[in-house]
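Everything below concerns the one structure shown next.
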Amino acid sequence: MAPPAGKRVKGVQIFRPFIYGTTARPFDEKTNPKPPGVPDDHTHSWTVFVKGIDDVDITYWLRRVQFKLHESIPNHVRMVEGEKGKPFSISETGWGEFEITIRLYYVPESSEKPQTLYHHLRLHPYGRTEEEKETMRLNGGEVVSWTYEEQLFNEPYEAFYDILTSGAVAPSLSNTGGKGAKGKKDAQQQQQPSRSEGGVLDRSAMIPLTNRPGQPFSRETEQLEIKKLQEAMIKIERMTKQMTEDIRKKEAKQQELKADAAKAAAANAA
Amino acid sequence: MTSHDLRDVLNIPSDASAGPRPTKKQKTSAPRPNLKGLAREVQNLGGDNPIAIVPEVSIFKKRRVASRKPAARWELRAFTNSARADDGALLLRHWRRKTDDGCAPHGDSTLQDGEAQPGNGTSLDGEQKQQQSKAEVVEDSAYAKYNVQVQVPQYSEDQYHANLQNSDWTKEETDYLLGLVKEFDLRWTVIWDRYEFSPRVAGPNGDAATSTAVVPASSRPRTMEDLKARYYEVAAKMMAVQKAVQYMTGPEFQLYEMMQNFNPAQETARKEFALNRMARSKDEAREEESLLLEIKRILARTERFNEERRELYNRLDYPATDTDINSFKSSAGLQSLLQNLMNLDKSKKRKSIMAGPGDGVSPQTAVPGSAVSETGPGGGGGGHHRRESIAASASGNHRDSIAGTPATPVEPPPSATTGVGASKKKSSGGAQQVVERRKLTEQEEQIYGVTRHERLNPSGPTFRYEKINKLYSHKSGQQQQRITNALLELDIPPRLAMPTAAVTAQFEKLWSAVTALVDLRKVSDRLDSDIKVEEAKKAERDKVRAAKQSASGGGDGDLVPSVEKDNASERPPSRAGPAPGGEEKVAAGDGTAGGAAVAASVDSPTVIKEEQAGDKDKLGVASAAASRPGSSGAHKRSASVLSTTSDKSSKRQKK
């Protein structure tokens, strides 16, 4: 760990969205043949990764990632160094699910301690309902367990603050090309077909506007989730209202009974 | 000009020398460029030097060539104005040059129309023609394009509920406002003038309409600023809804920011100020000017005064500390400092004054140390030290006040003997830091995900979801279970799909609502069980009463007091008298049923009564258990609920 460089920037929080998780596929003769040398009892191939949203480069703040796999896997603690523009990932084969410890090491400029995330490796379709499992099964047997997370840097050191707050090209300028030219639809389709509309700039904290296949996290998803939460909120409010009413009624009843009992007691005592 | 020419003009016969002259002259004049529009004679007047007259060449319009063509045809053409709302009902006509491309017979027909229309009495053929030509001829007014419509934000019902709720504005009024804005093209004075919103009183029947017409603007007069504020709020929010802030282009973002930062209070103040300024009299204006001058003078004087004072302070000698005094701020630090000073004192006594290893320390630390020694528990070293310390602290205080008083020092006095000075230094340093750092625009902050907070703890990296994890971990296991169950009921997954800032904020709201609900449920459960207990008791009472009525003092006698006692012990308020009296009453109540128990209680009230109470409680429970299974637990709980009262009663019994 580098010695603290300069001061922390007070009262500032910077976030960066990223995705971590696993993708697993069962071995299959046609679609996913078992490579030679894999033990017989292994049933799945899987990949664990940490990457930027919309596949943007995150190596400017994340230097390396340590994946701690199950002890039974040879060389189970693996360090993956950042490679510009590529996700941090490890591919393995296996037969069982377990919890993977993901340790994020930040760039030395940040002078921050590494942080830990936990992710459960999923090999088999999962979900709260059978339906969800079924949809997952239909997806060519591929089991996707991805988690969206936002890395917050509370009061970063000044050097790191500078890194985090520079380098992206503003959307208004992006039409004129350069490395951040993802603003316009056609330009983007020609240059970088993998970008979704509404463009995410390199080195920014932006979240794409719409979903695309393979990129399930966007403003759209966020809005959906907010809507869901709001609906739940309304439901809760209704329930609370009803509950308070019930309680009031019950209290009245209780009071009545108590008064009754008190009367009886008084009558008995007399 | 030469004499030759003059002679020539004046018809004076030339003398002998004139002979060779003309040739010479011709030589010189020949290459001279001929200015157009000037007679040669006039030009020659200039002689060798060119004339400084610039001839004005007046170009007249060329005479129109009388064209052989027949006169241009004009026609009376009908036109509509699409800017009108009457959908082309008004048909006006104007004279237009007939276009050449239109073929001749057609042009004739249109001309015919112009005549035919007022006449209106033509053949069927003519009418048909007229129809046809009208369809072609009727054109839009050239001025229709100036009818620009203002773009007013649109919102759906859902969007309104999600984003635009305002306690001060109903949806109807907002709709009305936006309608007016559209109608009057954002001309706020007109909008404000015409603004007469009255909420619909009853249903949409005719009565309501008339009543609203009778009582105009009864609800609340809105100022122009109110209207603007609301409109900008709606517009900005809808803008943000349609396009996330990060994706806005520069001008869009500027507009958005401007609308968002509209401050009605400031606008009102500004207008008022302007009005006042316009309304003041000449005398007032003069007075104001003189006052301003006065202020300027005062300010200048204070500045000079401050300057002088600062200089004076700088001259005052005091030990300057440039070392960090933070280590002496804690009590432990002070203690060590005290120790240091005492050691120093001793060594001073032993050694000479000048020597001593702590010499470097003493001038720097003496002042804070002395302040400590005065207030410190030990009272510092010897009397000598104390005297010194008092003096020092007095001066220290003095300096404190110095450090505190000047409000606008360019550089804080480097005394830094107290927390005030130190903190000031720090804060000024921080301010400098802020200035040095590159200032981010709001848009950049959005892009880079930078947010500012009052307090952030802890500093360092963390994850957004951590906050929600904390929400869970702050609850007990049982509560966690309840809350997760409640969330599952609501179909909220145990882990948020996208924990962004907005989502987590929403989740936190939901969370607090859910916890409140869970708490309510708990209260409700308790009430339920309580009611059950009460009901059971009532049933018992009824039973007892019935038994009492049937057989007074029978085998059931044991049961009667037990219930009574139970009731009495739990409901002290029912007993009106003071404790001993109440006790006796109960005892008397006992007496009615079983005499032996009464005798025992009289003999040794403390012990036996408790036993009795316990027994009877048991009895009561047992008897209750007969009528309702599993009630004992509920009974216990009710006891805990009423713990305050039952405690009181049990205390009384002990007494």
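Residue numbering restarts at 1 for every chain of the structure tokens, chains are lettered A, B, ... in their displayed order, and ligands are numbered from 1 as they appear.
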Quiz item: Given a cut-off of 6 Å, which residues of chain B touch chain A, counting only C-alpha atoms, written out as a PyMOL selection string?
Solution: chain B and resi 249-250+447-454+459-464+490+498+503+510+517+524+531+574
How would the residues just chosen look if you wrote them out with N, CA and C atoms as a compact mmCIF listing (two decimals), in the first residue's frame?
```txt
# COMPACT_ATOMS: atom_id res chain seq x y z
N THR B 249 -27.32 17.53 -23.68
CA THR B 249 -26.27 18.30 -24.32
C THR B 249 -26.05 19.57 -23.52
N GLY B 250 -25.01 20.29 -23.88
CA GLY B 250 -24.66 21.49 -23.12
C GLY B 250 -25.82 22.47 -22.97
N ILE B 447 -21.59 13.32 -14.57
CA ILE B 447 -20.93 12.31 -15.39
C ILE B 447 -19.97 11.49 -14.55
N TYR B 448 -19.23 12.16 -13.70
CA TYR B 448 -18.23 11.44 -12.93
C TYR B 448 -18.81 10.85 -11.64
N GLY B 449 -20.09 11.06 -11.45
CA GLY B 449 -20.71 10.48 -10.26
C GLY B 449 -20.20 11.10 -8.99
N VAL B 450 -19.96 12.38 -9.01
CA VAL B 450 -19.47 13.05 -7.82
C VAL B 450 -20.65 13.65 -7.07
N THR B 451 -20.74 13.36 -5.80
CA THR B 451 -21.77 13.98 -4.99
C THR B 451 -21.10 14.56 -3.76
N ARG B 452 -21.73 15.57 -3.21
CA ARG B 452 -21.17 16.20 -2.02
C ARG B 452 -22.07 15.93 -0.83
N HIS B 453 -21.46 15.66 0.27
CA HIS B 453 -22.22 15.32 1.47
C HIS B 453 -21.69 16.10 2.64
N GLU B 454 -22.58 16.30 3.58
CA GLU B 454 -22.18 16.98 4.80
C GLU B 454 -21.17 16.14 5.57
N SER B 459 -14.43 7.37 5.59
CA SER B 459 -13.84 7.68 4.30
C SER B 459 -13.13 6.43 3.79
N GLY B 460 -13.05 6.33 2.51
CA GLY B 460 -12.47 5.14 1.92
C GLY B 460 -13.47 4.44 1.04
N PRO B 461 -13.06 3.36 0.42
CA PRO B 461 -13.96 2.70 -0.51
C PRO B 461 -15.04 1.88 0.21
N THR B 462 -16.20 1.89 -0.34
CA THR B 462 -17.27 1.04 0.15
C THR B 462 -18.21 0.77 -1.01
N PHE B 463 -19.23 -0.03 -0.74
CA PHE B 463 -20.16 -0.36 -1.82
C PHE B 463 -21.53 0.19 -1.53
N ARG B 464 -22.25 0.49 -2.58
CA ARG B 464 -23.57 1.08 -2.41
C ARG B 464 -24.47 0.14 -1.62
N LEU B 490 -44.41 -8.59 -0.59
CA LEU B 490 -44.54 -7.50 -1.56
C LEU B 490 -43.84 -7.80 -2.87
N MET B 498 -30.59 -3.47 -8.98
CA MET B 498 -29.68 -2.36 -9.34
C MET B 498 -29.61 -1.36 -8.21
N VAL B 503 -32.34 4.08 -6.32
CA VAL B 503 -33.01 2.86 -5.90
C VAL B 503 -32.81 2.64 -4.40
N LEU B 510 -38.88 2.53 1.74
CA LEU B 510 -39.71 1.34 1.87
C LEU B 510 -39.37 0.60 3.15
N LEU B 517 -44.48 -1.02 9.81
CA LEU B 517 -45.59 -1.96 9.68
C LEU B 517 -45.36 -3.17 10.58
N SER B 524 -50.22 -5.07 17.37
CA SER B 524 -51.54 -5.64 17.12
C SER B 524 -51.64 -7.03 17.72
N ILE B 531 -56.56 -8.94 24.51
CA ILE B 531 -58.02 -9.01 24.43
C ILE B 531 -58.50 -10.40 24.77
N SER B 574 -58.51 0.24 40.18
CA SER B 574 -59.89 0.01 40.59
C SER B 574 -60.07 0.19 42.09
```
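Residue nearest Thr31 in chain A within the list A:Thr59, A:Phe88, A:Glu83, A:Ser45: A:Ser45 [criterion: smallest interatomic distance, only C-alpha atoms].
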Quiz item: Could you name the residues that touch Thr101 in chain A at 12 Å or less, counting only C-alpha atoms, but leaving out those on the same chain fewer than 3 positions away, as JSON, numbers by chain?
Solution: {"A": [20, 21, 48, 49, 50, 65, 66, 67, 68, 69, 70, 71, 76, 77, 78, 79, 98, 104, 115, 116, 117, 118, 119, 120, 121]}
Quiz item: Please, which residues of range 8-257 of chain A, numbered as in this document, come out alpha helix (DSSP H) from DSSP, as JSON, numbers by chain?
Solution: {"A": [130, 131, 132, 133, 134, 135, 136, 137, 138, 158, 159, 160, 161, 162, 163, 164, 185, 186, 187, 188, 189, 190, 191, 219, 220, 221, 222, 223, 224, 225, 226, 227, 228, 229, 230, 231, 232, 233, 234, 235, 236, 237, 238, 239, 240, 241, 242, 243, 244, 245, 246, 247, 248, 249, 250, 251, 252, 253, 254, 255, 256, 257]}
Exercise. Do a neighbour search on Asn485 in chain B at 12 Å with only C-alpha atoms, toss out local chain neighbours closer than 4 positions, and write the hits as a PyMOL selection string.
Key: chain B and resi 478-481+489-494+514-515+517-518
Quiz item: Which residues come within 10 Å of Thr43 in chain A, counting only C-alpha atoms, excluding same-chain residues fewer than 5 positions away, as a list in words?
Solution: Arg25, Pro26, Phe27, Asp28, Lys34, Val38, Thr93, Gly94, Trp95, Gly96 and Leu123 of chain A
Can those selected residues be exported to a file as a tab-separated table (two decimals), in the first residue's frame so that it contains N, CA, C and O atoms?
```tsv
chain	number	residue	atom	x	y	z
A	25	ARG	N	-22.14	-22.79	-17.74
A	25	ARG	CA	-22.78	-23.58	-18.81
A	25	ARG	C	-22.48	-25.05	-18.54
A	25	ARG	O	-21.34	-25.40	-18.23
A	26	PRO	N	-23.50	-25.86	-18.71
A	26	PRO	CA	-23.24	-27.30	-18.55
A	26	PRO	C	-22.49	-27.82	-19.77
A	26	PRO	O	-22.64	-27.30	-20.87
A	27	PHE	N	-21.72	-28.86	-19.55
A	27	PHE	CA	-21.03	-29.48	-20.68
A	27	PHE	C	-22.03	-30.18	-21.57
A	27	PHE	O	-22.99	-30.79	-21.10
A	28	ASP	N	-21.80	-30.04	-22.83
A	28	ASP	CA	-22.73	-30.63	-23.79
A	28	ASP	C	-21.91	-31.04	-25.00
A	28	ASP	O	-20.95	-30.37	-25.38
A	34	LYS	N	-16.71	-30.88	-23.72
A	34	LYS	CA	-15.76	-30.89	-22.62
A	34	LYS	C	-14.34	-30.90	-23.17
A	34	LYS	O	-14.00	-31.76	-23.99
A	38	VAL	N	-10.27	-32.51	-18.57
A	38	VAL	CA	-11.18	-32.15	-17.49
A	38	VAL	C	-11.66	-33.41	-16.81
A	38	VAL	O	-12.02	-34.37	-17.48
A	93	THR	N	-13.76	-25.15	-14.49
A	93	THR	CA	-14.79	-26.17	-14.63
A	93	THR	C	-15.03	-26.77	-13.27
A	93	THR	O	-14.18	-26.70	-12.38
A	94	GLY	N	-16.21	-27.35	-13.09
A	94	GLY	CA	-16.49	-27.94	-11.78
A	94	GLY	C	-17.84	-28.59	-11.74
A	94	GLY	O	-18.54	-28.69	-12.76
A	95	TRP	N	-18.19	-28.99	-10.56
A	95	TRP	CA	-19.49	-29.68	-10.41
A	95	TRP	C	-20.30	-29.11	-9.26
A	95	TRP	O	-21.45	-29.44	-9.08
A	96	GLY	N	-19.72	-28.25	-8.46
A	96	GLY	CA	-20.46	-27.80	-7.28
A	96	GLY	C	-20.48	-26.28	-7.16
A	96	GLY	O	-19.62	-25.59	-7.68
A	123	LEU	N	-24.53	-22.74	-10.64
A	123	LEU	CA	-24.40	-23.64	-11.79
A	123	LEU	C	-25.76	-24.09	-12.28
A	123	LEU	O	-25.93	-24.43	-13.45
```
List as a PDB file with C-alpha atoms, in the first residue's frame the protein and nucleic acid residues near Ser141 in chain B, meaning an atom at most 9 Å away when only C-alpha atoms are counted, but skip any in the same chain fewer than 5 places from it.
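Everything below was put into result-v3.pdb:
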```pdb
ATOM      1  CA  PHE B  79     -55.796  32.103 -49.222  1.00  0.00           C
ATOM      2  CA  THR B  80     -56.253  30.789 -45.784  1.00  0.00           C
ATOM      3  CA  ASN B  81     -54.126  31.162 -42.712  1.00  0.00           C
ATOM      4  CA  SER B  82     -53.283  27.961 -41.000  1.00  0.00           C
ATOM      5  CA  ALA B  83     -52.451  29.879 -37.884  1.00  0.00           C
TER       6      ALA B  83
END
```
Quiz prompt | Picked from range 8-158 of chain A by DSSP as strand (DSSP E), as a PyMOL selection string | solution = chain A and resi 12-26+44-52+62-68+77-81+88-94+99-106+115-120+143-154
